[in-house]
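> Have a peek at entry.cif (mmCIF, C-alpha atoms).
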data_target
loop_
_atom_site.label_atom_id
_atom_site.label_comp_id
_atom_site.auth_asym_id
_atom_site.auth_seq_id
_atom_site.Cartn_x
_atom_site.Cartn_y
_atom_site.Cartn_z
CA MET A 952 21.93 92.32 -33.04
CA SER A 953 22.88 95.93 -33.81
CA TYR A 954 24.45 98.65 -31.69
CA GLN A 955 24.83 102.40 -31.96
CA ASP A 956 28.60 102.19 -31.76
CA ALA A 957 31.40 99.78 -30.94
CA TYR A 958 31.48 100.91 -27.32
CA SER A 959 27.87 99.95 -26.63
CA ALA A 960 28.48 96.63 -28.38
CA ILE A 961 31.33 95.64 -26.09
CA ASN A 962 29.38 96.78 -23.04
CA ASP A 963 26.48 94.41 -23.68
CA GLU A 964 26.87 92.12 -20.68
CA ASN A 965 24.35 89.63 -21.99
CA ASP A 966 26.09 89.09 -25.28
CA SER A 967 27.34 85.52 -25.27
CA ARG A 968 29.32 86.04 -28.46
CA TRP A 969 32.26 87.17 -26.39
CA ALA A 970 33.82 83.83 -25.68
CA PHE A 971 36.14 84.87 -22.88
CA GLY A 972 36.31 84.14 -19.19
CA THR A 973 34.79 81.27 -17.29
CA GLY A 974 31.30 80.00 -16.66
CA PHE A 975 30.73 78.54 -20.11
CA GLU A 976 27.79 76.25 -20.45
CA GLN A 977 28.45 72.62 -21.14
CA PRO A 978 28.51 72.05 -24.88
CA VAL A 979 27.42 68.45 -24.35
CA SER A 980 25.05 69.02 -21.46
CA THR A 981 22.06 68.66 -23.70
CA VAL A 982 23.21 65.43 -25.31
CA ASP A 983 21.44 62.34 -23.98
CA ALA A 984 24.17 59.76 -23.64
CA PRO A 985 24.10 57.17 -20.89
CA ILE A 986 27.33 55.46 -19.86
CA PRO A 987 27.49 52.12 -21.74
CA SER A 988 26.55 49.22 -19.49
CA GLY A 989 29.45 47.33 -17.98
CA VAL A 990 31.78 50.33 -18.27
CA ASP A 991 33.27 51.81 -15.13
CA GLY A 992 32.33 55.49 -15.01
CA ALA A 993 35.51 56.49 -13.16
CA ASP A 994 37.65 54.77 -15.82
CA LEU A 995 35.76 56.45 -18.64
CA ALA A 996 36.13 59.84 -16.94
CA ALA A 997 39.87 59.34 -16.44
CA TYR A 998 40.28 58.40 -20.10
CA CYS A 999 38.32 61.44 -21.28
CA LEU A 1000 40.55 63.60 -19.07
CA MET A 1001 43.75 62.14 -20.57
CA LEU A 1002 42.62 62.88 -24.12
CA GLY A 1003 41.20 66.24 -23.08
CA GLU A 1004 44.33 67.31 -21.21
CA ASP A 1005 46.55 66.40 -24.17
CA ALA A 1006 44.45 68.80 -26.26
CA LEU A 1007 44.15 71.54 -23.63
CA ILE A 1008 47.85 71.73 -22.79
CA LEU A 1009 49.00 71.69 -26.42
CA SER A 1010 46.34 74.30 -27.19
CA HIS A 1011 47.88 76.52 -24.52
CA ARG A 1012 51.36 76.09 -26.02
CA LEU A 1013 49.94 76.96 -29.46
CA GLN A 1014 48.26 80.06 -28.04
CA GLU A 1015 51.70 81.23 -26.91
CA TRP A 1016 52.50 81.65 -30.61
CA CYS A 1017 49.99 84.50 -30.93
CA THR A 1018 52.06 87.58 -31.85
CA ASN A 1019 55.13 85.30 -32.14
CA GLY A 1020 54.45 83.59 -35.48
CA PRO A 1021 56.93 83.89 -38.37
CA GLU A 1022 54.24 85.41 -40.59
CA LEU A 1023 50.57 86.28 -40.30
CA GLU A 1024 49.22 83.30 -42.25
CA ASP A 1025 50.99 80.83 -40.01
CA GLU A 1026 50.07 82.65 -36.86
CA VAL A 1027 46.41 82.38 -37.90
CA ALA A 1028 46.89 78.71 -38.74
CA ILE A 1029 48.49 77.94 -35.37
CA ALA A 1030 45.73 79.80 -33.52
CA ASN A 1031 43.07 77.90 -35.47
CA ILE A 1032 44.68 74.58 -34.62
CA GLY A 1033 44.79 75.65 -30.96
CA LEU A 1034 41.10 76.52 -31.12
CA ASP A 1035 40.18 73.12 -32.56
CA LEU A 1036 42.08 71.40 -29.76
CA LEU A 1037 40.49 73.61 -27.12
CA GLY A 1038 37.08 72.65 -28.49
CA GLN A 1039 37.98 68.96 -28.28
CA ALA A 1040 39.14 69.45 -24.68
CA ARG A 1041 35.85 71.11 -23.72
CA LEU A 1042 33.78 68.26 -25.14
CA LEU A 1043 35.95 65.64 -23.43
CA PHE A 1044 35.90 67.44 -20.06
CA GLY A 1045 32.13 67.70 -20.34
CA ARG A 1046 31.93 63.94 -20.86
CA ALA A 1047 34.27 63.35 -17.90
CA GLY A 1048 31.91 65.26 -15.61
CA GLN A 1049 29.01 63.08 -16.75
CA ALA A 1050 30.96 59.83 -16.58
CA ASP A 1051 32.30 60.24 -13.04
CA GLY A 1052 28.82 61.21 -11.83
CA SER A 1053 30.09 64.46 -10.32
CA GLY A 1054 28.45 66.78 -12.83
CA ARG A 1055 31.56 69.00 -12.58
CA ASP A 1056 32.01 71.38 -15.48
CA GLU A 1057 34.88 71.96 -17.86
CA ASP A 1058 36.16 74.93 -15.85
CA PHE A 1059 36.74 72.67 -12.87
CA TYR A 1060 38.89 70.24 -14.82
CA ALA A 1061 40.85 72.95 -16.64
CA PHE A 1062 41.35 75.53 -13.93
CA PHE A 1063 40.94 74.01 -10.47
CA ARG A 1064 43.22 70.99 -10.47
CA GLY A 1065 46.95 70.98 -9.85
CA PRO A 1066 49.83 69.46 -11.84
CA ASP A 1067 49.65 66.24 -9.78
CA GLU A 1068 46.19 65.56 -11.18
CA PHE A 1069 47.02 66.06 -14.86
CA ARG A 1070 47.74 62.99 -16.98
CA ASN A 1071 48.60 64.62 -20.33
CA VAL A 1072 51.58 63.17 -22.19
CA ALA A 1073 54.83 65.09 -21.57
CA LEU A 1074 55.19 65.96 -25.29
CA VAL A 1075 52.44 68.59 -25.12
CA GLU A 1076 53.77 70.45 -22.08
CA LEU A 1077 57.36 71.03 -23.29
CA PRO A 1078 58.25 74.72 -23.39
CA ARG A 1079 57.76 76.52 -26.68
CA GLY A 1080 60.76 76.21 -28.97
CA ASP A 1081 61.38 77.67 -32.42
CA PHE A 1082 59.19 77.14 -35.51
CA GLY A 1083 61.05 73.94 -36.42
CA GLU A 1084 60.29 72.53 -32.98
CA LEU A 1085 56.64 73.56 -33.30
CA ILE A 1086 56.29 71.79 -36.65
CA ALA A 1087 58.04 68.68 -35.32
CA ARG A 1088 55.77 68.55 -32.28
CA LEU A 1089 52.61 69.23 -34.28
CA LEU A 1090 53.48 66.58 -36.87
CA VAL A 1091 54.07 63.95 -34.20
CA PHE A 1092 51.05 64.88 -32.10
CA ALA A 1093 48.57 65.16 -34.98
CA THR A 1094 49.76 61.92 -36.62
CA TRP A 1095 49.37 60.08 -33.30
CA ARG A 1096 46.00 61.62 -32.45
CA LEU A 1097 44.61 61.05 -35.95
CA ALA A 1098 45.54 57.37 -35.70
CA LEU A 1099 43.86 57.13 -32.26
CA PHE A 1100 40.74 59.10 -33.19
CA SER A 1101 40.14 57.26 -36.46
CA ARG A 1102 39.81 54.06 -34.39
CA LEU A 1103 37.95 55.75 -31.54
CA THR A 1104 35.07 56.52 -33.93
CA ASP A 1105 33.99 52.91 -33.22
CA SER A 1106 34.05 53.40 -29.43
CA ALA A 1107 31.28 51.78 -27.40
CA ASP A 1108 30.82 55.17 -25.73
CA PRO A 1109 28.65 57.23 -28.09
CA VAL A 1110 30.07 60.57 -26.93
CA LEU A 1111 33.70 59.50 -27.39
CA ALA A 1112 32.78 58.11 -30.81
CA ALA A 1113 31.13 61.41 -31.78
CA VAL A 1114 33.99 63.57 -30.47
CA ALA A 1115 36.45 61.38 -32.38
CA ALA A 1116 34.45 61.48 -35.62
CA LYS A 1117 34.45 65.25 -35.46
CA GLY A 1118 38.08 65.43 -34.35
CA VAL A 1119 39.32 63.21 -37.18
CA LYS A 1120 38.34 65.87 -39.71
CA GLU A 1121 40.14 68.58 -37.75
CA VAL A 1122 43.30 66.69 -36.84
CA ALA A 1123 43.72 65.56 -40.47
CA TYR A 1124 44.11 69.24 -41.38
CA HIS A 1125 46.57 69.76 -38.51
CA ARG A 1126 48.71 66.85 -39.66
CA ASP A 1127 48.68 67.96 -43.27
CA TYR A 1128 49.68 71.49 -42.26
CA ALA A 1129 52.62 70.22 -40.20
CA ALA A 1130 53.66 67.71 -42.87
CA GLY A 1131 53.66 70.46 -45.50
CA TRP A 1132 56.00 72.60 -43.44
CA ALA A 1133 58.24 69.69 -42.43
CA ILE A 1134 58.79 68.96 -46.12
CA ARG A 1135 59.41 72.60 -47.05
CA LEU A 1136 61.88 73.09 -44.22
CA GLY A 1137 63.57 69.69 -44.49
CA ASP A 1138 63.86 69.84 -48.28
CA GLY A 1139 64.68 73.57 -48.27
CA THR A 1140 68.02 75.18 -47.59
CA ASP A 1141 70.84 73.68 -45.52
CA TYR A 1142 69.87 76.09 -42.76
CA SER A 1143 66.13 75.27 -42.75
CA HIS A 1144 66.99 71.54 -42.89
CA GLU A 1145 69.21 71.91 -39.85
CA ARG A 1146 66.57 73.82 -37.88
CA MET A 1147 63.93 71.17 -38.72
CA ARG A 1148 66.32 68.38 -37.71
CA ALA A 1149 67.10 70.11 -34.41
CA GLY A 1150 63.37 70.50 -33.71
CA LEU A 1151 62.80 66.79 -34.26
CA ASP A 1152 65.79 65.88 -32.09
CA SER A 1153 64.44 67.90 -29.19
CA ILE A 1154 61.01 66.25 -29.08
CA TRP A 1155 62.06 62.72 -30.12
CA PRO A 1156 62.65 61.43 -26.55
CA TYR A 1157 58.97 62.09 -25.76
CA ILE A 1158 57.59 59.86 -28.53
CA PRO A 1159 57.91 56.41 -26.84
CA GLU A 1160 55.49 57.48 -24.09
CA LEU A 1161 52.76 57.98 -26.68
CA PHE A 1162 52.56 54.24 -27.31
CA VAL A 1163 52.68 52.89 -23.76
CA PRO A 1164 49.13 51.99 -22.69
CA HIS A 1165 48.02 53.32 -19.32
CA GLU A 1166 46.30 50.63 -17.25
CA ILE A 1167 42.97 52.42 -17.66
CA GLU A 1168 43.45 52.65 -21.43
CA ALA A 1169 44.20 48.94 -21.55
CA ARG A 1170 41.12 48.08 -19.47
CA LEU A 1171 38.83 50.28 -21.54
CA ALA A 1172 40.33 48.99 -24.78
CA THR A 1173 39.24 45.46 -23.94
CA ALA A 1174 35.71 46.85 -23.45
CA ASP A 1175 35.93 48.52 -26.90
CA VAL A 1176 35.64 51.97 -25.30
CA ALA A 1177 39.25 53.13 -25.71
CA VAL A 1178 42.04 52.55 -28.21
CA ASN A 1179 45.18 50.82 -27.00
CA PRO A 1180 47.93 53.18 -28.24
CA GLU A 1181 50.26 50.22 -28.94
CA THR A 1182 48.01 49.36 -31.87
CA VAL A 1183 48.63 52.63 -33.73
CA ARG A 1184 52.43 52.55 -33.70
CA ALA A 1185 52.75 50.96 -37.15
CA GLU A 1186 50.49 53.56 -38.78
CA PHE A 1187 52.38 56.36 -37.02
CA ASP A 1188 55.77 55.05 -38.18
CA ASP A 1189 54.48 54.65 -41.71
CA VAL A 1190 53.19 58.22 -41.99
CA LEU A 1191 56.37 59.67 -40.53
CA ALA A 1192 58.52 57.60 -42.88
CA GLN A 1193 56.63 59.03 -45.87
CA VAL A 1194 57.00 62.62 -44.65
CA PHE A 1195 60.67 62.19 -43.71
CA GLY A 1196 61.39 60.67 -47.12
CA ALA A 1197 59.88 63.63 -48.95
CA ALA A 1198 61.61 66.02 -46.53
CA THR A 1199 65.03 64.33 -46.94
CA LEU A 1200 65.18 64.00 -43.15
CA ALA A 1201 66.75 61.06 -41.31
CA LEU A 1202 64.86 59.49 -38.41
CA PRO A 1203 66.49 60.73 -35.19
CA VAL A 1204 67.98 58.18 -32.80
CA ARG A 1205 67.42 59.33 -29.24
CA ALA A 1206 66.92 57.62 -25.90
CA ALA A 1207 63.44 57.78 -24.37
CA ALA A 1208 62.83 60.50 -21.79
CA GLN A 1209 62.49 59.57 -18.13
CA GLU A 1210 59.30 61.57 -17.72
CA SER A 1211 55.86 60.16 -18.48
CA GLY A 1212 52.97 62.52 -17.98
CA ARG A 1213 50.39 59.71 -18.38
CA VAL A 1214 51.53 58.20 -15.10
CA GLY A 1215 52.01 61.57 -13.39
CA ARG A 1216 55.79 61.98 -13.91
CA HIS A 1217 55.68 65.40 -15.53
CA THR A 1218 58.49 67.63 -16.74
CA ALA A 1219 59.33 70.82 -14.86
CA ALA A 1220 57.43 72.76 -17.53
CA LEU A 1221 53.91 71.79 -16.44
CA PRO A 1222 53.52 73.63 -13.09
CA PRO A 1223 54.40 77.09 -14.49
CA LEU A 1224 52.19 76.47 -17.53
CA LEU A 1225 49.21 75.64 -15.31
CA ALA A 1226 49.98 78.53 -12.96
CA GLU A 1227 49.71 80.96 -15.83
CA MET A 1228 46.72 79.32 -17.50
CA GLN A 1229 44.76 79.07 -14.23
CA SER A 1230 45.73 82.39 -12.65
CA VAL A 1231 42.74 84.48 -13.71
CA ALA A 1232 40.12 81.80 -13.05
CA ARG A 1233 41.55 81.19 -9.57
CA GLU A 1234 41.94 84.83 -8.65
CA HIS A 1235 38.40 85.68 -9.72
CA GLU A 1236 36.54 82.45 -9.07
CA GLY A 1237 33.19 82.28 -10.85
CA ALA A 1238 33.81 85.55 -12.65
CA GLN A 1239 32.27 86.08 -16.07
CA TRP A 1240 33.16 88.79 -18.49
CA MET B 1235 1.29 81.59 -36.56
CA VAL B 1236 4.41 80.94 -38.59
CA THR B 1237 5.73 77.42 -38.01
CA ALA B 1238 8.75 77.02 -35.73
CA LEU B 1239 10.69 75.46 -38.59
CA THR B 1240 10.07 78.47 -40.82
CA VAL B 1241 11.22 80.82 -38.05
CA ALA B 1242 14.35 78.79 -37.31
CA GLU B 1243 15.19 78.67 -41.00
CA THR B 1244 15.46 82.48 -41.15
CA VAL B 1245 18.21 82.70 -38.50
CA ALA B 1246 21.54 83.79 -39.97
CA ASP B 1247 24.94 82.36 -39.15
CA PRO B 1248 26.77 84.74 -36.76
CA GLU B 1249 30.09 84.53 -38.64
CA LEU B 1250 28.76 84.25 -42.20
CA PRO B 1251 25.62 86.39 -41.97
CA VAL B 1252 24.87 86.06 -45.70
CA LEU B 1253 23.93 82.45 -44.98
CA THR B 1254 21.26 81.02 -42.72
CA LEU B 1255 22.00 78.20 -40.30
CA ALA B 1256 19.75 76.09 -42.52
CA ASP B 1257 21.83 76.95 -45.64
CA LEU B 1258 24.94 75.83 -43.78
CA GLY B 1259 23.46 72.53 -42.64
CA VAL B 1260 24.07 73.51 -39.01
CA LEU B 1261 20.32 73.46 -38.28
CA ARG B 1262 19.63 69.73 -38.03
CA ASP B 1263 16.08 69.40 -36.76
CA VAL B 1264 13.11 71.38 -35.49
CA SER B 1265 10.32 69.42 -33.79
CA THR B 1266 7.53 70.13 -31.35
CA VAL B 1267 7.07 67.77 -28.40
CA ASP B 1268 4.18 68.45 -25.97
CA GLY B 1269 4.06 72.10 -26.96
CA ARG B 1270 7.81 72.51 -26.51
CA VAL B 1271 9.92 73.42 -29.54
CA ARG B 1272 13.11 71.42 -29.73
CA VAL B 1273 15.83 72.67 -32.08
CA SER B 1274 18.97 70.63 -32.80
CA ILE B 1275 22.13 72.26 -34.10
CA THR B 1276 25.59 70.87 -34.78
CA PRO B 1277 28.92 72.73 -34.59
CA THR B 1278 30.99 73.11 -37.75
CA TYR B 1279 34.22 72.58 -35.76
CA SER B 1280 34.69 71.37 -32.14
CA GLY B 1281 36.06 74.74 -31.11
CA CYS B 1282 33.45 76.80 -32.94
CA PRO B 1283 32.99 79.83 -30.66
CA ALA B 1284 29.75 80.80 -32.41
CA LEU B 1285 27.67 77.97 -30.97
CA ALA B 1286 26.39 80.02 -28.02
CA ALA B 1287 25.52 82.91 -30.34
CA MET B 1288 23.61 80.53 -32.63
CA ARG B 1289 21.62 79.20 -29.71
CA ASP B 1290 20.78 82.71 -28.47
CA ASP B 1291 19.79 83.90 -31.94
CA LEU B 1292 17.49 80.87 -32.38
CA LEU B 1293 15.93 81.43 -28.96
CA ASN B 1294 15.39 85.14 -29.67
CA ALA B 1295 13.83 84.48 -33.07
CA LEU B 1296 11.48 81.78 -31.77
CA HIS B 1297 10.51 83.74 -28.65
CA GLY B 1298 9.84 86.76 -30.88
CA ALA B 1299 7.52 84.64 -33.04
CA GLY B 1300 5.49 83.62 -30.00
CA TYR B 1301 7.11 80.32 -29.08
CA ASP B 1302 7.77 80.60 -25.34
CA ASP B 1303 8.97 77.10 -24.59
CA VAL B 1304 12.06 76.44 -26.69
CA GLU B 1305 15.03 74.14 -26.13
CA VAL B 1306 18.16 74.26 -28.31
CA ARG B 1307 20.19 71.07 -28.24
CA THR B 1308 23.71 70.41 -29.54
CA VAL B 1309 24.20 67.21 -31.48
CA LEU B 1310 27.65 65.92 -32.48
CA GLN B 1311 26.75 62.83 -34.48
CA PRO B 1312 26.92 62.62 -37.42
CA PRO B 1313 29.66 65.25 -37.65
CA TRP B 1314 28.99 68.30 -39.80
CA SER B 1315 30.17 68.13 -43.38
CA THR B 1316 30.46 70.87 -45.99
CA ASP B 1317 28.40 68.54 -48.21
CA TRP B 1318 25.40 69.67 -46.14
CA ILE B 1319 25.65 73.26 -47.41
CA SER B 1320 22.64 73.77 -49.67
CA ALA B 1321 22.80 74.86 -53.32
CA ALA B 1322 21.38 78.23 -52.25
CA GLY B 1323 24.06 78.44 -49.56
CA ARG B 1324 26.82 77.76 -52.09
CA HIS B 1325 25.45 80.45 -54.36
CA LYS B 1326 25.35 82.96 -51.47
CA LEU B 1327 28.93 82.09 -50.46
CA ALA B 1328 30.22 82.78 -53.97
CA GLU B 1329 28.24 86.04 -54.11
CA ALA B 1330 29.96 87.08 -50.88
CA GLY B 1331 33.39 86.40 -52.40
CA ILE B 1332 33.98 83.07 -50.64
CA ALA B 1333 34.69 80.12 -52.93
CA PRO B 1334 32.27 77.34 -51.98
CA PRO B 1335 33.62 73.93 -50.98
CA GLY B 1336 33.94 71.05 -53.41
CA THR B 1337 32.93 67.51 -52.51
CA ALA B 1338 34.17 66.44 -49.07
CA PRO B 1339 36.77 63.65 -49.00
CA SER B 1340 35.07 60.30 -48.52
CA ARG B 1341 37.37 59.47 -45.65
CA ASN B 1342 39.24 62.09 -43.66
CA GLY B 1343 42.71 61.20 -42.55
CA GLY B 1344 43.75 59.29 -45.65
CA PRO B 1345 47.32 59.32 -46.96
CA VAL B 1346 49.34 62.34 -45.95
CA PRO B 1347 49.69 64.69 -48.94
CA LEU B 1348 53.38 65.12 -49.74
CA GLY B 1349 53.28 67.77 -52.47
CA MET B 1350 51.82 71.26 -52.52
CA PRO B 1351 48.00 71.24 -52.44
CA THR B 1352 46.67 70.93 -55.98
CA ARG B 1353 42.92 71.22 -55.45
CA SER B 1354 41.29 73.27 -58.18
CA VAL B 1355 39.23 76.16 -56.82
CA ARG B 1356 37.68 78.86 -58.99
CA CYS B 1357 38.22 82.53 -58.14
CA PRO B 1358 34.89 83.96 -56.92
CA GLN B 1359 35.84 87.37 -58.40
CA CYS B 1360 36.84 86.57 -62.01
CA GLY B 1361 36.02 82.89 -62.32
CA SER B 1362 39.55 81.81 -63.23
CA ALA B 1363 40.59 78.29 -62.21
CA ASP B 1364 44.22 79.42 -61.93
CA THR B 1365 44.38 79.93 -58.16
CA GLU B 1366 46.79 78.89 -55.41
CA GLU B 1367 46.52 78.24 -51.70
CA ILE B 1368 48.30 80.75 -49.47
CA SER B 1369 47.32 79.23 -46.15
CA HIS B 1370 45.37 76.18 -45.00
CA PHE B 1371 43.66 78.33 -42.39
CA SER B 1372 42.06 81.75 -42.56
CA GLY B 1373 40.02 84.11 -40.36
CA THR B 1374 37.93 81.15 -39.22
CA ALA B 1375 38.88 77.48 -38.97
CA CYS B 1376 36.44 76.52 -41.71
CA LYS B 1377 38.15 78.56 -44.43
CA ALA B 1378 41.47 78.54 -46.29
CA LEU B 1379 43.15 81.58 -47.83
CA ARG B 1380 43.83 81.56 -51.58
CA ARG B 1381 45.03 83.91 -54.30
CA CYS B 1382 43.94 84.19 -57.91
CA ARG B 1383 46.85 84.16 -60.36
CA SER B 1384 44.70 85.80 -63.06
CA CYS B 1385 43.18 88.81 -61.30
CA ARG B 1386 45.64 88.74 -58.34
CA GLU B 1387 42.84 89.07 -55.79
CA PRO B 1388 43.14 87.10 -52.55
CA PHE B 1389 39.97 85.27 -51.49
CA GLU B 1390 38.71 82.80 -48.94
CA HIS B 1391 37.71 79.24 -49.72
CA MET B 1392 35.50 77.13 -47.49
CA LYS B 1393 37.44 73.93 -46.92
CA GLU B 1394 35.91 70.55 -47.62
CA ILE B 1395 35.43 68.47 -44.50
#
Represent the supplied structure as C-alpha cells.

Amino acid sequence: MSYQDAYSAINDENDSRWAFGTGFEQPVSTVDAPIPSGVDGADLAAYCLMLGEDALILSHRLQEWCTNGPELEDEVAIANIGLDLLGQARLLFGRAGQADGSGRDEDFYAFFRGPDEFRNVALVELPRGDFGELIARLLVFATWRLALFSRLTDSADPVLAAVAAKGVKEVAYHRDYAAGWAIRLGDGTDYSHERMRAGLDSIWPYIPELFVPHEIEARLATADVAVNPETVRAEFDDVLAQVFGAATLALPVRAAAQESGRVGRHTAALPPLLAEMQSVAREHEGAQW
Amino acid sequence: MVTALTVAETVADPELPVLTLADLGVLRDVSTVDGRVRVSITPTYSGCPALAAMRDDLLNALHGAGYDDVEVRTVLQPPWSTDWISAAGRHKLAEAGIAPPGTAPSRNGGPVPLGMPTRSVRCPQCGSADTEEISHFSGTACKALRRCRSCREPFEHMKEI
C-alpha cells in the first residue's frame, strides 16, 4: 500500500493497520473449537475471563509507563510486555464469548462491564509505583503466570491450551526481563537495593491470593481444563528464591492483604482504572477510528 | 492462472517488508475447498497488531489474481517459532541489518537466567561475534536491541522463541 504523503496515509479509513479504537474483529472467531464435552460453558467462560482480566488490567498499568520510563529501552520493553498481555486478553475474551454461548466480543468484556464484574487478582490493579515496584510486580506476576501457563498447555480445552502454549514463550521473556532488573537493583548500590526491597514490600501482601483456588478453578481443574493455582506454589517459591539469592534480597515477611479480586473484593484502585480505560469506548459506543 | 499458493507466497510481512509471510513461517497453509481458497496464518506474538494487515494484504493479493472466494483463518496451534523462518528469510533478515535468530530453546520457561545474557550473536554489519544485548525488547516484540563492540553499531536481533 503506498500513499502520496503521510496525510493521505492517515486518512485512509479502510486501513486496518491502525490498531486503535473499538470494533476489532475476533482473533479467534475463525478457529473451529467446540467446548469439550462434559465441561460447563459458563465455568469455562468465567475462567477465561479471570485469566484475561489479569492480563488486561496489568497491561493497562504497564501502558501508564509510556513516557514515564527511566530510559527509552525500558520504556519500549514495558510497552512490549503490555502488548503481549493485551494480546493474551483478547484471545481469552474471544474464547469466553464462545464458551458462554453469548457470542459477545472482546470489547464487551473489556469496556462494558463494571468493577463488580471483574475477577482479576488484586496484584494487577494496584496503582503504579516506582520502577522498583514495577519490577517486583512483574517478577511475581510473570513467574506465577508462567507456572500456570506451562501446565495449561495440557488443558482439555484446545483454545486454552493453544493460548497457553503461545503465552509461555512470551511470559518467559517477561519473567527473565524482571529477574534481570531485580538482580541488578538488588545487587547494585545500597540505594537501588533499598528501592527494590521497598517495591517488594509493597506488593508482597497481594501474593497469597494468587494461590487460593477459586471454586470455578477447582471445578475445572478436576476436569483437566484449568490449573489449580495451589499446585504451582512450590515452583513459584523456587524461582523467587533463586532470583532473591542472586539479588542479595531477603524474602519479605508481610501479612496477607484483606482484598481478593478473584472473589470480587477489589482494592479502591480498580474503579478509577476502569473508568479511565473504558471512557472513550463508552462515550462513543461502536465508534471506529 | 497462477496458483493461490504462489500468490499467497508473494505477500510481504507488513512490519518486515523484506520478508514474505512464507519466509517468516507465518503462512501455514493454502488449500482450495469447493472453489473457496482457505489461507491459514499464525501470529508471531499474541499481541501482534499486524495480523489484520496480513489478512487484508492476503485478501487483496488473491482477489487481484482472480480468486474471488477467499477465507483467511487464524490458527494458534502449534505456536509460531523462529525455527520456522526459512533459510532465504534468514538471509534477507541479515541483509536488512537484522541478526537472524539462532535455534529456539527446546522448552520455553526453563530455569530463570541469573547472569547477564551471554548468547552469541554476530553483528550483521561487520560480522564480529563480540556483541552485547542492550535491551531484551526493541521496536517490535519479536526483536531485541544489541550493540557491536567491534564496529560500535547498534542493531536488532530477532529473538529465538
> Apply the PyMOL selection byres ((chain B and resi 1378) around 7) to the displayed file and report the matching residues as a PyMOL selection string.
chain B and resi 1369-1372+1377+1379-1380+1390-1393
> Within 8 Å of chain A, which residues of chain B are there when counting only C-alpha atoms? Please give them as JSON, numbers by chain.
{"B": [1279, 1280, 1281, 1282, 1283, 1284, 1286, 1287, 1290, 1307, 1308, 1309, 1310, 1311, 1312, 1313, 1314, 1342, 1343, 1345, 1346, 1347, 1348, 1349, 1350, 1368, 1369, 1370, 1371, 1372, 1373, 1374, 1375, 1395]}
> Give me the residues near B:Arg1272 as a PyMOL selection string, where near means some atom within 8 Å (using all atoms listed in the file) and where sequence neighbours in that chain fewer than 6 positions away do not count.
chain B and resi 1263-1266+1304-1307
> Interatomic distance between atom CA of B:Glu1329 and atom CA of B:Ala1238?
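Atom-to-atom, atom CA of B:Glu1329 and atom CA of B:Ala1238 are spaced 28.3 Å apart.
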> Apply the PyMOL selection byres ((chain A and resi 1143) around 12) to the file shown and report the selected residues as a PyMOL selection string.
chain A and resi 1081-1084+1132-1142+1144-1150+1198-1200
> Skip B:Asp1303 itself and residues of its chain fewer than 6 positions away, then list as a PDB file with C-alpha atoms, keeping the file's coordinate frame all residues within 12 Å of it, counting all atoms listed in the file.

ATOM      1  CA  ALA B1238       8.750  77.020 -35.730  1.00  0.00           C
ATOM      2  CA  THR B1266       7.530  70.130 -31.350  1.00  0.00           C
ATOM      3  CA  VAL B1267       7.070  67.770 -28.400  1.00  0.00           C
ATOM      4  CA  ASP B1268       4.180  68.450 -25.970  1.00  0.00           C
ATOM      5  CA  GLY B1269       4.060  72.100 -26.960  1.00  0.00           C
ATOM      6  CA  ARG B1270       7.810  72.510 -26.510  1.00  0.00           C
ATOM      7  CA  VAL B1271       9.920  73.420 -29.540  1.00  0.00           C
ATOM      8  CA  ARG B1272      13.110  71.420 -29.730  1.00  0.00           C
ATOM      9  CA  VAL B1273      15.830  72.670 -32.080  1.00  0.00           C
ATOM     10  CA  LEU B1293      15.930  81.430 -28.960  1.00  0.00           C
ATOM     11  CA  ASN B1294      15.390  85.140 -29.670  1.00  0.00           C
ATOM     12  CA  LEU B1296      11.480  81.780 -31.770  1.00  0.00           C
ATOM     13  CA  HIS B1297      10.510  83.740 -28.650  1.00  0.00           C
TER      14      HIS B1297
END
> Expressed in Å to a single decimal, how great is the separation between atom CA of A:Val1091 and atom CA of A:Pro1203?
12.9 Å
> Would you mind reading off the distance between atom CA of B:Gly1336 and atom CA of B:Arg1383, one decimal, in Å?
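Going from atom CA of B:Gly1336 over to atom CA of B:Arg1383 covers 19.7 Å.
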> Which residues, written as a PyMOL selection string, have at least one atom at most 6 Å from stretch 1319-1326 of chain B, with only C-alpha atoms counted and residues fewer than 5 positions away on the same chain left out?
chain B and resi 1257-1259+1334
> Could you check the closest approach to A:Ala1220 for each of A:Glu1168, A:Leu1202, A:Arg1079, A:Arg1070 and tell me which residue wins, using all atoms listed in the file?
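Residue with the minimum atom-to-atom distance to A:Ala1220: A:Arg1079.
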> Enumerate, as a CSV table (one decimal) with C-alpha atoms, keeping the file's coordinate frame, the residues matched when the PyMOL selection byres ((chain A and resi 1169) around 12) is run on the file above.

chain,number,residue,atom,x,y,z
A,994,ASP,CA,37.6,54.8,-15.8
A,995,LEU,CA,35.8,56.4,-18.6
A,998,TYR,CA,40.3,58.4,-20.1
A,1162,PHE,CA,52.6,54.2,-27.3
A,1163,VAL,CA,52.7,52.9,-23.8
A,1164,PRO,CA,49.1,52.0,-22.7
A,1165,HIS,CA,48.0,53.3,-19.3
A,1166,GLU,CA,46.3,50.6,-17.2
A,1167,ILE,CA,43.0,52.4,-17.7
A,1168,GLU,CA,43.4,52.6,-21.4
A,1170,ARG,CA,41.1,48.1,-19.5
A,1171,LEU,CA,38.8,50.3,-21.5
A,1172,ALA,CA,40.3,49.0,-24.8
A,1173,THR,CA,39.2,45.5,-23.9
A,1174,ALA,CA,35.7,46.8,-23.4
A,1175,ASP,CA,35.9,48.5,-26.9
A,1176,VAL,CA,35.6,52.0,-25.3
A,1177,ALA,CA,39.2,53.1,-25.7
A,1178,VAL,CA,42.0,52.6,-28.2
A,1179,ASN,CA,45.2,50.8,-27.0
A,1180,PRO,CA,47.9,53.2,-28.2
A,1181,GLU,CA,50.3,50.2,-28.9
A,1182,THR,CA,48.0,49.4,-31.9
> What would the list of residues within 8 Å of (43.9, 86.2, -60.2) (file frame) look like as a list in words, if all atoms listed in the file are what count?
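With a cut-off of 8 Å, the residues come to Cys1357, Cys1360, Ser1362, Asp1364, Thr1365, Arg1381, Cys1382, Arg1383, Ser1384, Cys1385, Arg1386, Glu1387 and Pro1388 of chain B.
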